[in-house]
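Colleague: I am sharing model_37.txt, which consists of compact mmCIF, C-alpha atoms:
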# COMPACT_ATOMS: atom_id res chain seq x y z
CA MET A 1 131.86 180.33 83.12
CA ALA A 2 131.51 178.50 86.32
CA ASP A 3 131.36 180.26 89.66
CA PRO A 4 134.59 180.73 91.65
CA MET A 5 135.81 177.98 93.92
CA ARG A 6 135.72 178.51 97.63
CA ILE A 7 139.15 177.68 98.99
CA ARG A 8 140.38 177.60 102.54
CA ALA A 9 144.08 176.93 103.14
CA ALA A 10 145.54 177.25 106.61
CA VAL A 11 148.80 176.27 108.27
CA ALA A 12 148.29 173.47 110.82
CA GLY A 13 151.54 172.39 112.46
CA ASP A 14 154.08 171.56 109.74
CA LYS A 15 151.33 171.07 107.15
CA VAL A 16 148.87 173.14 105.21
CA GLU A 17 145.27 172.01 105.45
CA VAL A 18 143.36 172.72 102.21
CA ARG A 19 139.61 172.56 101.70
CA VAL A 20 138.07 173.35 98.32
CA LEU A 21 134.46 173.62 97.27
CA MET A 22 133.97 173.80 93.50
CA SER A 23 130.85 174.81 91.64
CA HIS A 24 130.02 172.24 88.97
CA GLU A 25 126.97 170.24 87.85
CA MET A 26 128.88 166.92 87.69
CA GLU A 27 126.25 165.49 85.33
CA THR A 28 126.76 161.73 85.01
CA GLY A 29 125.38 161.17 81.51
CA GLN A 30 123.15 158.43 82.98
CA ARG A 31 120.30 160.64 84.10
CA LYS A 32 117.19 161.26 81.99
CA ASP A 33 115.25 164.51 81.85
CA ALA A 34 111.45 164.86 82.09
CA LYS A 35 111.08 163.81 78.43
CA GLY A 36 113.13 160.67 78.93
CA GLU A 37 116.12 162.04 77.04
CA LEU A 38 119.56 161.30 78.39
CA VAL A 39 121.21 164.41 79.86
CA PRO A 40 124.75 164.54 78.39
CA ALA A 41 127.62 163.94 80.76
CA HIS A 42 129.34 167.07 82.04
CA PHE A 43 131.88 166.63 84.80
CA ILE A 44 135.29 167.74 86.03
CA GLN A 45 137.99 165.34 84.84
CA THR A 46 141.23 166.73 86.18
CA VAL A 47 142.16 168.85 89.17
CA ASN A 48 145.61 170.30 89.80
CA VAL A 49 146.80 172.21 92.85
CA THR A 50 150.09 174.12 92.76
CA HIS A 51 152.05 175.86 95.51
CA ASN A 52 154.85 178.19 94.31
CA GLY A 53 154.46 176.62 90.85
CA LYS A 54 154.95 173.07 92.18
CA THR A 55 152.12 170.54 92.07
CA VAL A 56 151.09 169.46 95.57
CA MET A 57 147.98 167.48 94.58
CA SER A 58 146.57 166.24 91.29
CA ALA A 59 143.44 164.21 90.74
CA GLU A 60 141.41 162.52 88.02
CA TRP A 61 137.68 162.38 88.56
CA GLY A 62 134.83 160.46 87.02
CA PRO A 63 131.15 161.46 86.87
CA ALA A 64 130.45 159.80 90.24
CA VAL A 65 132.09 162.62 92.20
CA ALA A 66 129.22 164.49 93.85
CA LYS A 67 127.77 167.71 92.43
CA ASN A 68 129.63 170.86 93.58
CA PRO A 69 132.69 168.78 94.47
CA PHE A 70 134.45 169.04 97.79
CA LEU A 71 138.12 168.23 98.25
CA HIS A 72 140.13 168.13 101.46
CA PHE A 73 143.84 167.30 101.64
CA ARG A 74 147.11 168.32 103.34
CA PHE A 75 150.61 169.03 102.14
CA LYS A 76 153.92 169.92 103.76
CA GLY A 77 156.18 172.89 103.09
CA GLY A 78 153.65 175.72 102.77
CA LYS A 79 153.86 178.93 104.81
CA ALA A 80 151.33 181.61 105.68
CA GLY A 81 151.14 184.33 103.02
CA GLU A 82 152.15 182.06 100.15
CA LYS A 83 149.91 181.45 97.16
CA LEU A 84 148.03 178.30 96.27
CA ALA A 85 146.42 177.88 92.82
CA ILE A 86 143.77 175.32 91.92
CA THR A 87 142.71 174.45 88.35
CA TRP A 88 140.03 172.10 87.11
CA VAL A 89 139.24 171.01 83.54
CA ASP A 90 135.96 169.33 82.59
CA ASN A 91 134.97 166.97 79.78
CA LYS A 92 133.75 169.85 77.60
CA GLY A 93 137.07 171.66 77.83
CA ASP A 94 135.83 174.30 80.26
CA LYS A 95 138.38 175.18 82.89
CA ARG A 96 138.70 177.39 85.89
CA THR A 97 141.66 178.49 88.03
CA ASP A 98 141.35 180.17 91.41
CA GLU A 99 144.04 181.40 93.75
CA THR A 100 144.18 181.80 97.46
CA THR A 101 146.68 182.93 100.08
CA ILE A 102 147.61 180.48 102.81
CA SER A 103 146.56 181.81 106.20
CA GLY A 104 148.33 181.33 109.51
CA GLY A 105 147.33 178.44 111.78
CA MET B 106 122.66 174.34 71.20
CA LYS B 107 124.24 177.07 73.35
CA ALA B 108 122.84 175.53 76.48
CA ILE B 109 124.87 172.39 75.91
CA GLN B 110 128.21 174.16 75.60
CA GLU B 111 127.70 176.40 78.61
CA PRO B 112 127.95 174.94 82.09
CA CYS B 113 124.98 175.71 84.26
CA PRO B 114 126.39 176.59 87.67
CA GLY B 115 123.92 177.03 90.43
CA MET B 116 121.17 175.54 88.34
CA ASP B 117 119.01 173.38 90.53
CA ARG B 118 117.63 170.11 89.34
CA ARG B 119 114.20 171.43 88.47
CA THR B 120 115.55 174.12 86.15
CA ALA B 121 117.98 171.59 84.73
CA LEU B 122 115.02 169.39 83.87
CA LYS B 123 113.16 172.26 82.23
CA ALA B 124 116.25 173.21 80.24
CA GLY B 125 116.48 169.59 79.16
CA SER B 126 114.46 170.17 76.01
CA SER B 127 117.25 172.24 74.51
CA MET B 128 119.59 169.33 74.98
CA THR B 129 117.50 166.91 72.98
CA VAL B 130 119.22 167.61 69.63
CA LEU B 131 122.54 166.24 70.78
CA GLY B 132 120.79 163.52 72.76
CA LEU B 133 118.91 162.36 69.69
CA ALA B 134 122.02 162.53 67.54
CA ILE B 135 123.78 160.21 69.97
CA ALA B 136 120.77 157.91 70.26
CA ALA B 137 120.49 157.71 66.47
CA GLY B 138 124.14 156.80 66.22
CA LEU B 139 124.97 159.95 64.24
CA ILE B 140 127.62 160.87 66.76
CA PRO B 141 129.27 157.99 68.55
CA ALA B 142 128.82 158.63 72.29
CA ARG B 143 132.53 158.12 72.82
CA GLU B 144 133.50 160.95 70.48
CA ALA B 145 130.77 163.29 71.66
CA LEU B 146 132.55 163.27 74.98
CA ALA B 147 135.63 165.44 74.89
CA GLN B 148 138.44 164.66 77.26
CA ALA B 149 140.77 166.63 79.47
CA ALA B 150 144.48 166.02 78.97
CA GLY B 151 145.84 163.43 81.35
CA TRP B 152 142.47 161.83 82.05
CA ASN B 153 142.77 158.04 82.04
CA LYS B 154 139.62 157.01 80.17
CA ALA B 155 140.46 153.29 80.25
CA ALA B 156 140.58 153.32 84.06
CA PHE B 157 137.24 155.13 84.34
CA ASP B 158 135.62 152.59 81.98
CA THR B 159 136.39 149.58 84.19
CA LYS B 160 133.72 147.75 86.20
CA THR B 161 135.70 145.66 88.69
CA LEU B 162 138.58 146.15 91.11
CA ALA B 163 140.73 143.59 89.25
CA ASP B 164 140.15 145.28 85.86
CA LEU B 165 140.86 148.71 87.31
CA VAL B 166 144.15 147.64 88.88
CA ARG B 167 145.12 145.98 85.58
CA SER B 168 144.35 149.19 83.68
CA LEU B 169 146.61 151.06 86.09
CA GLY B 170 149.42 148.64 85.33
CA GLY B 171 149.26 146.54 88.49
CA SER B 172 148.05 143.10 89.49
CA ALA B 173 146.51 141.30 92.46
CA PRO B 174 145.77 144.07 94.98
CA SER B 175 145.81 142.88 98.59
CA GLU B 176 143.76 144.00 101.56
CA ASN B 177 145.94 145.93 104.01
CA LYS B 178 145.27 147.55 107.38
CA GLY B 179 147.55 150.45 106.47
CA VAL B 180 144.73 151.71 104.27
CA GLN B 181 141.82 153.10 106.26
CA PHE B 182 138.55 154.88 105.83
CA VAL B 183 138.40 157.89 108.17
CA ALA B 184 135.87 160.52 109.18
CA PRO B 185 133.59 161.74 107.70
CA THR B 186 132.96 158.37 105.97
CA PRO B 187 129.52 157.19 107.20
CA GLU B 188 128.14 153.70 107.92
CA ILE B 189 124.80 154.74 106.50
CA ALA B 190 124.36 157.52 103.95
CA GLU B 191 120.94 159.12 103.92
CA ASN B 192 121.50 160.73 100.54
CA GLY B 193 123.39 158.73 97.91
CA ALA B 194 123.98 161.89 95.85
CA VAL B 195 126.41 163.22 98.46
CA VAL B 196 128.38 160.60 100.38
CA PRO B 197 131.50 161.90 102.16
CA VAL B 198 134.49 159.56 101.95
CA GLY B 199 137.85 160.08 103.64
CA VAL B 200 140.87 157.80 103.17
CA THR B 201 144.32 157.67 104.74
CA SER B 202 147.27 155.41 104.09
CA SER B 203 150.10 154.71 106.51
CA LEU B 204 151.95 152.63 103.92
CA PRO B 205 155.40 153.99 103.06
CA LYS B 206 155.77 155.59 99.62
CA THR B 207 152.04 155.97 99.03
CA GLU B 208 151.75 157.42 95.51
CA MET B 209 148.04 157.23 94.81
CA ILE B 210 144.69 156.98 96.59
CA ALA B 211 141.57 156.01 94.64
CA ILE B 212 137.95 155.73 95.73
CA LEU B 213 135.89 152.95 94.15
CA VAL B 214 132.16 152.23 94.45
CA GLU B 215 131.52 148.63 93.46
CA LYS B 216 127.88 148.91 92.40
CA ASN B 217 128.11 152.18 90.46
CA PRO B 218 127.99 151.86 86.63
CA ASN B 219 131.78 152.31 86.58
CA ILE B 220 133.78 151.36 89.64
CA LEU B 221 136.35 154.19 89.71
CA THR B 222 135.06 157.43 91.19
CA ALA B 223 138.20 159.46 91.73
CA ARG B 224 141.92 159.00 92.01
CA PHE B 225 144.41 161.31 93.66
CA ASN B 226 148.14 161.42 93.05
CA ILE B 227 149.93 161.89 96.32
CA VAL B 228 153.12 163.85 95.63
CA GLU B 229 156.18 163.36 97.80
CA GLY B 230 155.84 165.40 100.96
CA ALA B 231 152.05 165.47 100.90
CA ASP B 232 149.99 163.65 103.49
CA ALA B 233 148.56 160.33 102.31
CA PHE B 234 145.09 161.60 103.11
CA VAL B 235 142.20 162.75 101.00
CA SER B 236 138.56 163.46 101.62
CA THR B 237 135.83 164.15 99.07
CA ARG B 238 132.15 163.47 98.35
CA VAL B 239 130.89 160.82 95.94
CA LYS B 240 127.61 159.61 94.44
CA MET B 241 126.30 156.13 95.19
CA GLY B 242 123.40 154.60 93.26
CA GLN B 243 122.68 152.06 95.99
CA THR B 244 124.12 150.34 99.06
CA SER B 245 127.52 149.04 98.02
CA ASP B 246 130.99 148.03 99.05
CA VAL B 247 133.33 150.99 98.73
CA TYR B 248 137.04 150.39 98.20
CA ALA B 249 139.95 152.63 99.06
CA LEU B 250 142.69 151.61 96.65
CA VAL B 251 146.24 152.70 97.36
CA LYS B 252 149.38 152.39 95.29
CA ALA B 253 152.42 152.32 97.54
CA ASP B 254 155.98 151.53 96.44
CA GLY B 255 154.62 150.23 93.12
CA LYS B 256 152.13 147.77 94.65
CA PHE B 257 148.37 148.00 95.10
CA TYR B 258 146.57 147.65 98.45
CA PHE B 259 142.98 148.22 99.45
CA ALA B 260 140.49 148.58 102.27
CA LYS B 261 136.82 147.70 101.88
CA LYS B 262 133.77 149.05 103.64
CA GLU B 263 130.05 148.70 103.05
CA ILE B 264 128.15 151.97 103.02
CA LYS B 265 124.38 151.64 103.22
CA VAL B 266 122.41 154.10 101.12
CA THR B 267 118.81 154.93 102.01
CA LEU B 268 118.20 157.12 98.92
CA GLY B 269 120.10 156.47 95.66
CA GLY B 270 122.06 159.29 94.07
CA CYS B 271 122.20 158.43 90.39
CA GLY B 272 118.52 158.05 89.53
CA GLY B 273 116.55 160.16 87.06
Would you give me this structure, written as structure tokens?

Modeller:
Amino acid sequence: MADPMRIRAAVAGDKVEVRVLMSHEMETGQRKDAKGELVPAHFIQTVNVTHNGKTVMSAEWGPAVAKNPFLHFRFKGGKAGEKLAITWVDNKGDKRTDETTISGG
Amino acid sequence: MKAIQEPCPGMDRRTALKAGSSMTVLGLAIAAGLIPAREALAQAAGWNKAAFDTKTLADLVRSLGGSAPSENKGVQFVAPTPEIAENGAVVPVGVTSSLPKTEMIAILVEKNPNILTARFNIVEGADAFVSTRVKMGQTSDVYALVKADGKFYFAKKEIKVTLGGCGG
């Protein structure tokens, strides 16, 4: 399985600022290895972020998102101490969910 | 074949290249037409393959059910988006939209093999802001495409790349 995500979520004014660093190869399927063989595509396709069970951000990604993807966004209505869960699914069906607690601003 | 199924987190490029030999079976099968490339690629639920297959802004907007996107100053590239990216493999791109009812922000790189890089659904109550990192094969126009109140708007910016990010 892939390594855990690094998530930072902090209250900033009336919003929660979220930064996520995921661990994934994000192989494009266009690159060739030393023998000239195409390396099969392997990349995160969907990302979903929930706060108290409600989606606050969802995304669809292609192979052109950089390796070990970084995501930064904000949402309203979160408070310090509440949970935030992030899930990604890649094109081989692998998935990973990590949780974090929102910290005070 | 195990190596193909398992993701290789933390593997650097050199080890990935060395491990490449174990991936040749599937590679050859695809090359020989035994497995159509399309079917060899599984798909996550909710992933819009048609949109990620498009090559131009017009085709992409059509595949998302819109037409004739217009340039709008309400859509803006923000920090840390660079003018010049030294490394095309990691280009930070930030986008905001001040348009009311912004529902979606997408990042498009015109000269990549497929134009759509990522799209983000902005739920009600969330800030119309997103920042991520993309790959760019070469210097290219980058579009920030926004869907607001059912219509499509965009901003365009050229980002110069000194070292391409999609090469072998």

Colleague: Could you please tell me, as a PyMOL selection string, which residues of chain A have an atom within 7 Å of chain B when using all atoms listed in the file?

Modeller: chain A and resi 1-3+23-25+31-34+37-38+40+45-46+56-62+64-66+69-76+89-93

Colleague: What's the 9 Å shell around Ala260 (chain B), counting all atoms listed in the file, without same-chain residues fewer than 5 positions away, as a ChimeraX atom specification?

Modeller: /B:175-182,247-251

Colleague: Kindly provide, as a PyMOL selection string, the polymer residues lying within 12 Å of (145.2, 175.5, 94.7), counting only C-alpha atoms and using the coordinates exactly as they appear in the file.

Modeller: chain A and resi 5-9+16-22+47-58+71-75+78+82-88+96-102

Colleague: Now that the selection is made, can you save its residues with C-alpha atoms as a short mmCIF file (atom, residue, chain, number, x, y, z; two decimals), in the coordinates of the input?

Modeller:
data_model
loop_
_atom_site.label_atom_id
_atom_site.label_comp_id
_atom_site.auth_asym_id
_atom_site.auth_seq_id
_atom_site.Cartn_x
_atom_site.Cartn_y
_atom_site.Cartn_z
CA MET A 5 135.81 177.98 93.92
CA ARG A 6 135.72 178.51 97.63
CA ILE A 7 139.15 177.68 98.99
CA ARG A 8 140.38 177.60 102.54
CA ALA A 9 144.08 176.93 103.14
CA VAL A 16 148.87 173.14 105.21
CA GLU A 17 145.27 172.01 105.45
CA VAL A 18 143.36 172.72 102.21
CA ARG A 19 139.61 172.56 101.70
CA VAL A 20 138.07 173.35 98.32
CA LEU A 21 134.46 173.62 97.27
CA MET A 22 133.97 173.80 93.50
CA VAL A 47 142.16 168.85 89.17
CA ASN A 48 145.61 170.30 89.80
CA VAL A 49 146.80 172.21 92.85
CA THR A 50 150.09 174.12 92.76
CA HIS A 51 152.05 175.86 95.51
CA ASN A 52 154.85 178.19 94.31
CA GLY A 53 154.46 176.62 90.85
CA LYS A 54 154.95 173.07 92.18
CA THR A 55 152.12 170.54 92.07
CA VAL A 56 151.09 169.46 95.57
CA MET A 57 147.98 167.48 94.58
CA SER A 58 146.57 166.24 91.29
CA LEU A 71 138.12 168.23 98.25
CA HIS A 72 140.13 168.13 101.46
CA PHE A 73 143.84 167.30 101.64
CA ARG A 74 147.11 168.32 103.34
CA PHE A 75 150.61 169.03 102.14
CA GLY A 78 153.65 175.72 102.77
CA GLU A 82 152.15 182.06 100.15
CA LYS A 83 149.91 181.45 97.16
CA LEU A 84 148.03 178.30 96.27
CA ALA A 85 146.42 177.88 92.82
CA ILE A 86 143.77 175.32 91.92
CA THR A 87 142.71 174.45 88.35
CA TRP A 88 140.03 172.10 87.11
CA ARG A 96 138.70 177.39 85.89
CA THR A 97 141.66 178.49 88.03
CA ASP A 98 141.35 180.17 91.41
CA GLU A 99 144.04 181.40 93.75
CA THR A 100 144.18 181.80 97.46
CA THR A 101 146.68 182.93 100.08
CA ILE A 102 147.61 180.48 102.81
#

Colleague: How many Å lie between CA of Pro205 (chain B) and CA of Lys256 (chain B), rounded to one decimal?

Modeller: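 CA of Pro205 (chain B) sits 11.0 Å away from CA of Lys256 (chain B).
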